[in-house]
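Read through the structure below, which is laid out as structure tokens, and then see the notes.
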Amino acid sequence: MVAPAWAIPGGPKMLIGVLHTGICTIEWARSWASLQRPAPPDMMRYAYSSHRPYDVSRNMIAEAALQLNVEWLLFLDSDVIPRRDDAILRLMSHNLPIVSGVYRTKIPPHLPLVLRRVPQVQPDGTTKQVIASMTDWTPGELLQVDAVPTGLLLIHRRVLEKFKAEGL
């Protein structure tokens, strides 16, 4: 049996990057307080960012994760409320390089933000690939998708290293 990352000596194992989106409700604060963390407190680090464009904030937090040499980076935006206290543990249990929690659009019809490329026939009869929300899946099911939002997203370090190596 392989020891969990938390049992391996060294620095922090996870960075939780919180992007403040300008919305932080009491429900989010309660959710934040009740979230089960996968490691002892000394193995966790936190990075907070606000009043910056989201891409800039995410890039800064990803760079901090690389500098801290953490194994995992979790993004959690201040307008995303995980439905379960064990959301982080469930994401980690999949042991995938990238895995996202599912949440819905804030405006009706509140579609799940689980996105795949699908063919769409254009008025001129040609077919074009578009990104569309999937609605035909069972909650709790693990799916391979083409795009997800980044408000509740777990990323392994090797993904960040690959992006950096490719200049992205």
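Residue names in the structure tokens use chain letters A, B, ... in the order shown, residue numbers from 1 in each chain, and ligand numbers from 1 in the order shown.
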
*Please provide as a PyMOL selection string all residues within 8 Å of Pro82 (chain A), with the sequence filter that same-chain residues fewer than 3 positions apart are discarded (counting only C-alpha atoms).*
chain A and resi 31+85+87+101+152

Take the residues from that selection and write them out as a compact mmCIF listing (two decimals), in the first residue's frame, keeping N, CA and C atoms.
# COMPACT_ATOMS: atom_id res chain seq x y z
N SER A 31 -20.42 27.13 4.53
CA SER A 31 -19.88 26.01 3.75
C SER A 31 -18.37 25.93 3.91
N ASP A 85 -20.09 18.57 2.54
CA ASP A 85 -18.93 18.92 3.36
C ASP A 85 -17.68 18.17 2.94
N ALA A 87 -16.71 17.54 -0.14
CA ALA A 87 -16.47 17.80 -1.57
C ALA A 87 -14.99 17.66 -1.95
N GLY A 101 -15.86 19.80 -9.41
CA GLY A 101 -17.18 19.63 -8.84
C GLY A 101 -18.19 20.20 -9.82
N LEU A 152 -14.70 25.29 -8.70
CA LEU A 152 -14.47 24.18 -7.77
C LEU A 152 -13.68 23.14 -8.55

*Identify, with DSSP run on backbone atoms, the residues in chain A assigned to helix (DSSP H, G or I), and express the list as a PyMOL selection string.*
chain A and resi 5-7+26-34+41-43+54-68+87-93+157-165

Tell me, as an mmCIF file with all heavy atoms, in the first residue's frame, which residues lie within 12 Å of His110 (chain A), counting only C-alpha atoms; anything in the same chain fewer than 5 positions away does not count.
data_model
loop_
_atom_site.group_PDB
_atom_site.id
_atom_site.type_symbol
_atom_site.label_atom_id
_atom_site.label_comp_id
_atom_site.auth_asym_id
_atom_site.auth_seq_id
_atom_site.Cartn_x
_atom_site.Cartn_y
_atom_site.Cartn_z
ATOM 1 N N VAL A 102 -19.432 19.771 -9.721
ATOM 2 C CA VAL A 102 -20.481 20.243 -10.625
ATOM 3 C C VAL A 102 -21.309 21.302 -9.920
ATOM 4 O O VAL A 102 -21.693 21.133 -8.767
ATOM 5 C CB VAL A 102 -21.396 19.074 -11.051
ATOM 6 C CG1 VAL A 102 -22.555 19.580 -11.902
ATOM 7 C CG2 VAL A 102 -20.602 18.025 -11.812
ATOM 8 N N TYR A 103 -21.539 22.390 -10.621
ATOM 9 C CA TYR A 103 -22.490 23.374 -10.136
ATOM 10 C C TYR A 103 -23.246 23.928 -11.327
ATOM 11 O O TYR A 103 -22.906 23.669 -12.478
ATOM 12 C CB TYR A 103 -21.836 24.464 -9.288
ATOM 13 C CG TYR A 103 -20.624 25.147 -9.871
ATOM 14 C CD1 TYR A 103 -20.743 26.347 -10.547
ATOM 15 C CD2 TYR A 103 -19.358 24.595 -9.716
ATOM 16 C CE1 TYR A 103 -19.628 26.986 -11.056
ATOM 17 C CE2 TYR A 103 -18.238 25.226 -10.219
ATOM 18 C CZ TYR A 103 -18.388 26.431 -10.887
ATOM 19 O OH TYR A 103 -17.283 27.056 -11.392
ATOM 20 N N ARG A 104 -24.293 24.646 -11.053
ATOM 21 C CA ARG A 104 -25.217 25.092 -12.098
ATOM 22 C C ARG A 104 -25.088 26.594 -12.363
ATOM 23 O O ARG A 104 -24.592 27.328 -11.523
ATOM 24 C CB ARG A 104 -26.653 24.761 -11.692
ATOM 25 C CG ARG A 104 -26.867 23.263 -11.575
ATOM 26 C CD ARG A 104 -28.272 22.916 -11.137
ATOM 27 N NE ARG A 104 -28.449 21.478 -11.135
ATOM 28 C CZ ARG A 104 -28.856 20.785 -12.195
ATOM 29 N NH1 ARG A 104 -29.160 21.393 -13.314
ATOM 30 N NH2 ARG A 104 -28.988 19.480 -12.125
ATOM 31 N N THR A 105 -25.583 26.990 -13.528
ATOM 32 C CA THR A 105 -25.602 28.412 -13.857
ATOM 33 C C THR A 105 -26.472 29.150 -12.844
ATOM 34 O O THR A 105 -27.401 28.572 -12.276
ATOM 35 C CB THR A 105 -26.155 28.649 -15.279
ATOM 36 O OG1 THR A 105 -27.487 28.135 -15.353
ATOM 37 C CG2 THR A 105 -25.274 28.014 -16.338
ATOM 38 N N SER A 133 -24.044 22.450 -22.547
ATOM 39 C CA SER A 133 -24.230 21.842 -21.233
ATOM 40 C C SER A 133 -24.856 20.461 -21.399
ATOM 41 O O SER A 133 -25.805 20.278 -22.156
ATOM 42 C CB SER A 133 -25.148 22.726 -20.389
ATOM 43 O OG SER A 133 -25.293 22.196 -19.107
ATOM 44 N N MET A 134 -24.300 19.491 -20.690
ATOM 45 C CA MET A 134 -24.853 18.137 -20.710
ATOM 46 C C MET A 134 -25.955 18.061 -19.665
ATOM 47 O O MET A 134 -25.820 18.569 -18.565
ATOM 48 C CB MET A 134 -23.768 17.117 -20.364
ATOM 49 C CG MET A 134 -22.672 17.030 -21.382
ATOM 50 S SD MET A 134 -21.356 15.931 -20.833
ATOM 51 C CE MET A 134 -22.246 14.475 -20.349
ATOM 52 N N THR A 135 -27.029 17.406 -20.022
ATOM 53 C CA THR A 135 -28.122 17.241 -19.079
ATOM 54 C C THR A 135 -28.476 15.769 -18.875
ATOM 55 O O THR A 135 -29.301 15.455 -18.041
ATOM 56 C CB THR A 135 -29.370 18.000 -19.562
ATOM 57 O OG1 THR A 135 -29.706 17.547 -20.875
ATOM 58 C CG2 THR A 135 -29.124 19.503 -19.590
#

_Distance criterion (only C-alpha atoms): nearest to Lys162 (chain A) out of A:Pro97, A:Pro53, A:Gly140, A:Pro40_ =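 Nearest to Lys162 (chain A): A:Pro97.
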
*Quote the spacing between CA of Leu68 (chain A) and CA of Leu15 (chain A) in Å to one decimal place.*
8.3 Å

_Report, in Å with one decimal, the straight-line distance from CA of Ile131 (chain A) to CA of Glu63 (chain A)._
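Calculated distance between CA of Ile131 (chain A) and CA of Glu63 (chain A) is 28.5 Å.
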
*What's the 10 Å shell around Val159 (chain A), counting only C-alpha atoms, without same-chain residues fewer than 3 positions away, as a list of chain:residue names?*
A:Trp72, A:Pro97, A:Ile98, A:Ile155, A:His156, A:Lys162, A:Phe163, A:Lys164, A:Ala165

Could you write out that same residue set with all heavy atoms as a compact mmCIF listing (two decimals), in the first residue's frame?
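Final output, saved to out.txt:
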# COMPACT_ATOMS: atom_id res chain seq x y z
N TRP A 72 -1.27 19.26 -4.73
CA TRP A 72 -2.60 19.57 -5.25
C TRP A 72 -2.91 21.05 -5.12
O TRP A 72 -2.56 21.68 -4.13
CB TRP A 72 -3.67 18.79 -4.48
CG TRP A 72 -3.57 17.31 -4.63
CD1 TRP A 72 -2.99 16.45 -3.74
CD2 TRP A 72 -4.03 16.53 -5.71
NE1 TRP A 72 -3.08 15.17 -4.23
CE2 TRP A 72 -3.71 15.19 -5.43
CE3 TRP A 72 -4.70 16.82 -6.90
CZ2 TRP A 72 -4.03 14.14 -6.28
CZ3 TRP A 72 -5.01 15.77 -7.76
CH2 TRP A 72 -4.69 14.46 -7.45
N PRO A 97 -5.75 13.82 -12.67
CA PRO A 97 -4.95 15.05 -12.80
C PRO A 97 -5.79 16.32 -12.69
O PRO A 97 -5.35 17.33 -12.17
CB PRO A 97 -4.31 14.94 -14.18
CG PRO A 97 -4.59 13.59 -14.68
CD PRO A 97 -5.63 12.96 -13.83
N ILE A 98 -7.02 16.27 -13.21
CA ILE A 98 -7.95 17.40 -13.10
C ILE A 98 -9.34 16.82 -12.88
O ILE A 98 -9.76 15.93 -13.61
CB ILE A 98 -7.98 18.26 -14.39
CG1 ILE A 98 -6.62 18.82 -14.71
CG2 ILE A 98 -9.00 19.38 -14.26
CD1 ILE A 98 -6.57 19.61 -16.01
N ILE A 155 -6.57 20.32 -9.18
CA ILE A 155 -5.54 20.12 -10.20
C ILE A 155 -4.30 19.54 -9.54
O ILE A 155 -3.82 20.06 -8.53
CB ILE A 155 -5.16 21.47 -10.87
CG1 ILE A 155 -6.39 22.17 -11.42
CG2 ILE A 155 -4.12 21.24 -11.97
CD1 ILE A 155 -6.13 23.59 -11.87
N HIS A 156 -3.76 18.49 -10.14
CA HIS A 156 -2.51 17.92 -9.63
C HIS A 156 -1.33 18.75 -10.14
O HIS A 156 -1.36 19.34 -11.22
CB HIS A 156 -2.35 16.46 -10.09
CG HIS A 156 -1.26 15.76 -9.37
ND1 HIS A 156 0.04 15.74 -9.84
CD2 HIS A 156 -1.25 15.07 -8.21
CE1 HIS A 156 0.80 15.07 -8.99
NE2 HIS A 156 0.04 14.65 -7.99
N LYS A 162 3.27 20.93 -16.49
CA LYS A 162 3.18 20.78 -17.95
C LYS A 162 2.78 22.10 -18.60
O LYS A 162 3.35 22.50 -19.62
CB LYS A 162 2.18 19.68 -18.31
CG LYS A 162 2.15 19.39 -19.79
CD LYS A 162 1.34 18.18 -20.12
CE LYS A 162 1.40 17.93 -21.62
NZ LYS A 162 0.77 16.71 -22.03
N PHE A 163 1.81 22.79 -18.01
CA PHE A 163 1.42 24.11 -18.56
C PHE A 163 2.61 25.06 -18.56
O PHE A 163 2.85 25.76 -19.53
CB PHE A 163 0.27 24.71 -17.73
CG PHE A 163 -1.09 24.34 -18.22
CD1 PHE A 163 -1.70 23.17 -17.80
CD2 PHE A 163 -1.76 25.15 -19.10
CE1 PHE A 163 -2.96 22.81 -18.24
CE2 PHE A 163 -3.03 24.82 -19.56
CZ PHE A 163 -3.63 23.64 -19.13
N LYS A 164 3.33 25.07 -17.47
CA LYS A 164 4.48 25.98 -17.36
C LYS A 164 5.56 25.62 -18.38
O LYS A 164 6.11 26.49 -19.05
CB LYS A 164 5.06 25.95 -15.95
CG LYS A 164 6.13 26.98 -15.76
CD LYS A 164 6.35 27.28 -14.31
CE LYS A 164 7.38 28.38 -14.20
NZ LYS A 164 7.01 29.40 -13.27
N ALA A 165 5.82 24.33 -18.54
CA ALA A 165 6.83 23.88 -19.51
C ALA A 165 6.45 24.25 -20.94
O ALA A 165 7.31 24.52 -21.77
CB ALA A 165 7.03 22.36 -19.40

_Write out as a ChimeraX atom specification the set of residues from chain A that DSSP, computed on the backbone, places in strand (DSSP E or B)._
/A:14-19,44-49,72-77,98-100,104,112,115-121,127-133,147,152-156

*Excluding Gln67 (chain A) and any residue of its chain fewer than 5 positions from it, enumerate the residues within 12 Å of it, using only C-alpha atoms, and give them as a PyMOL selection string.*
chain A and resi 11-12+15+45+60-62+73+157+160-161

_Which residue of A:Asp146, A:Lys106, A:Met92, A:Arg158 approaches Gln36 (chain A) most closely, using only C-alpha atoms_ = A:Met92

_Residue among A:Asn59, A:Ser100, A:Gln144, A:Thr138 lying closest to Arg116 (chain A), counting only C-alpha atoms_ = A:Gln144

*Name the closest residue to Leu115 (chain A) among the candidates A:Arg58, A:Met44, A:Ala147, A:Met14; distances are taken between atoms, counting only C-alpha atoms.*
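Looking only at the distances to Leu115 (chain A), the closest residue turns out to be A:Ala147.
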
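For Leu35 (chain A), the residues within 12 Å (counting only C-alpha atoms, excluding itself and residues fewer than 5 positions away along the chain) are Ile16, Trp28, Ala29, Arg30, Leu76, Ile81, Pro82, Arg83, Arg84, Asp85, Asp86, Ala87, Ile88, Leu89 and Arg90 of chain A.
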
Output for the residues just chosen: N, CA, C and O atoms as a short mmCIF file (atom, residue, chain, number, x, y, z; two decimals), in the first residue's frame:
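again00.cif was written with the following content:
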data_model
loop_
_atom_site.label_atom_id
_atom_site.label_comp_id
_atom_site.auth_asym_id
_atom_site.auth_seq_id
_atom_site.Cartn_x
_atom_site.Cartn_y
_atom_site.Cartn_z
N ILE A 16 -5.23 25.75 -1.28
CA ILE A 16 -6.60 26.09 -1.63
C ILE A 16 -6.60 27.56 -2.02
O ILE A 16 -6.30 28.43 -1.21
N TRP A 28 -22.01 30.75 1.92
CA TRP A 28 -20.66 30.37 1.51
C TRP A 28 -19.75 30.28 2.74
O TRP A 28 -18.97 29.33 2.87
N ALA A 29 -19.85 31.24 3.62
CA ALA A 29 -19.01 31.23 4.82
C ALA A 29 -19.27 29.99 5.67
O ALA A 29 -18.34 29.36 6.16
N ARG A 30 -20.54 29.60 5.81
CA ARG A 30 -20.86 28.37 6.55
C ARG A 30 -20.28 27.16 5.84
O ARG A 30 -19.74 26.26 6.48
N LEU A 76 -11.48 27.33 -5.29
CA LEU A 76 -12.83 27.43 -4.76
C LEU A 76 -13.20 28.90 -4.77
O LEU A 76 -12.65 29.70 -4.02
N ILE A 81 -20.83 27.23 -3.72
CA ILE A 81 -21.09 26.57 -2.43
C ILE A 81 -21.17 25.07 -2.68
O ILE A 81 -22.16 24.58 -3.26
N PRO A 82 -20.15 24.33 -2.28
CA PRO A 82 -20.22 22.87 -2.45
C PRO A 82 -21.43 22.31 -1.69
O PRO A 82 -21.72 22.74 -0.57
N ARG A 83 -22.11 21.37 -2.30
CA ARG A 83 -23.31 20.78 -1.69
C ARG A 83 -22.96 19.84 -0.54
O ARG A 83 -23.82 19.53 0.27
N ARG A 84 -21.74 19.37 -0.51
CA ARG A 84 -21.36 18.38 0.49
C ARG A 84 -20.13 18.85 1.25
O ARG A 84 -19.23 19.43 0.67
N ASP A 85 -20.09 18.57 2.54
CA ASP A 85 -18.93 18.92 3.36
C ASP A 85 -17.68 18.17 2.94
O ASP A 85 -16.57 18.63 3.18
N ASP A 86 -17.86 17.00 2.31
CA ASP A 86 -16.72 16.19 1.90
C ASP A 86 -16.35 16.40 0.43
O ASP A 86 -15.71 15.55 -0.18
N ALA A 87 -16.71 17.54 -0.14
CA ALA A 87 -16.47 17.80 -1.57
C ALA A 87 -14.99 17.66 -1.95
O ALA A 87 -14.67 17.04 -2.97
N ILE A 88 -14.11 18.21 -1.14
CA ILE A 88 -12.67 18.12 -1.47
C ILE A 88 -12.22 16.66 -1.42
O ILE A 88 -11.52 16.20 -2.32
N LEU A 89 -12.64 15.94 -0.40
CA LEU A 89 -12.25 14.54 -0.27
C LEU A 89 -12.78 13.71 -1.43
O LEU A 89 -12.09 12.83 -1.95
N ARG A 90 -14.00 13.99 -1.87
CA ARG A 90 -14.58 13.26 -3.00
C ARG A 90 -13.80 13.55 -4.29
O ARG A 90 -13.53 12.65 -5.08
#

_Which of A:Leu19, A:Val80, A:Ala47, A:Val114 sits closest to Glu141 (chain A) [using only C-alpha atoms]_ = A:Val114

_d(CA of Trp137 (chain A), CA of Gln122 (chain A)) in Å_ =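 Computed distance, CA of Trp137 (chain A) to CA of Gln122 (chain A), equals 26.2 Å.
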
*Pick from A:Gly17, A:Gly167, A:Pro149, A:Pro38 nearest to Val99 (chain A), counting only C-alpha atoms*: A:Pro149

_Distance query His20 (chain A) at most 10 Å, only C-alpha atoms, self and fewer than 2 positions along chain excluded, as a PyMOL selection string_ = chain A and resi 17-18+22-24+48-52+54+57+76-79

Store the residues picked out above in a file with C-alpha atoms, as an mmCIF file, in the first residue's frame.
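Saved file out_31.cif follows:
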data_model
loop_
_atom_site.group_PDB
_atom_site.id
_atom_site.type_symbol
_atom_site.label_atom_id
_atom_site.label_comp_id
_atom_site.auth_asym_id
_atom_site.auth_seq_id
_atom_site.Cartn_x
_atom_site.Cartn_y
_atom_site.Cartn_z
ATOM 1 C CA GLY A 17 -6.939 29.160 -3.812
ATOM 2 C CA VAL A 18 -10.004 31.230 -3.078
ATOM 3 C CA GLY A 22 -17.422 40.047 -5.264
ATOM 4 C CA ILE A 23 -20.112 37.784 -3.830
ATOM 5 C CA CYS A 24 -19.657 36.084 -0.480
ATOM 6 C CA TYR A 48 -6.817 34.528 -1.529
ATOM 7 C CA SER A 49 -7.271 36.883 -4.428
ATOM 8 C CA SER A 50 -9.773 39.606 -5.166
ATOM 9 C CA HIS A 51 -10.131 42.753 -7.246
ATOM 10 C CA ARG A 52 -8.154 41.250 -10.124
ATOM 11 C CA TYR A 54 -9.999 35.980 -12.701
ATOM 12 C CA SER A 57 -5.782 35.613 -10.008
ATOM 13 C CA LEU A 76 -12.829 27.426 -4.763
ATOM 14 C CA ASP A 77 -14.560 30.660 -5.741
ATOM 15 C CA SER A 78 -16.473 32.717 -3.208
ATOM 16 C CA ASP A 79 -19.703 32.294 -5.178
#
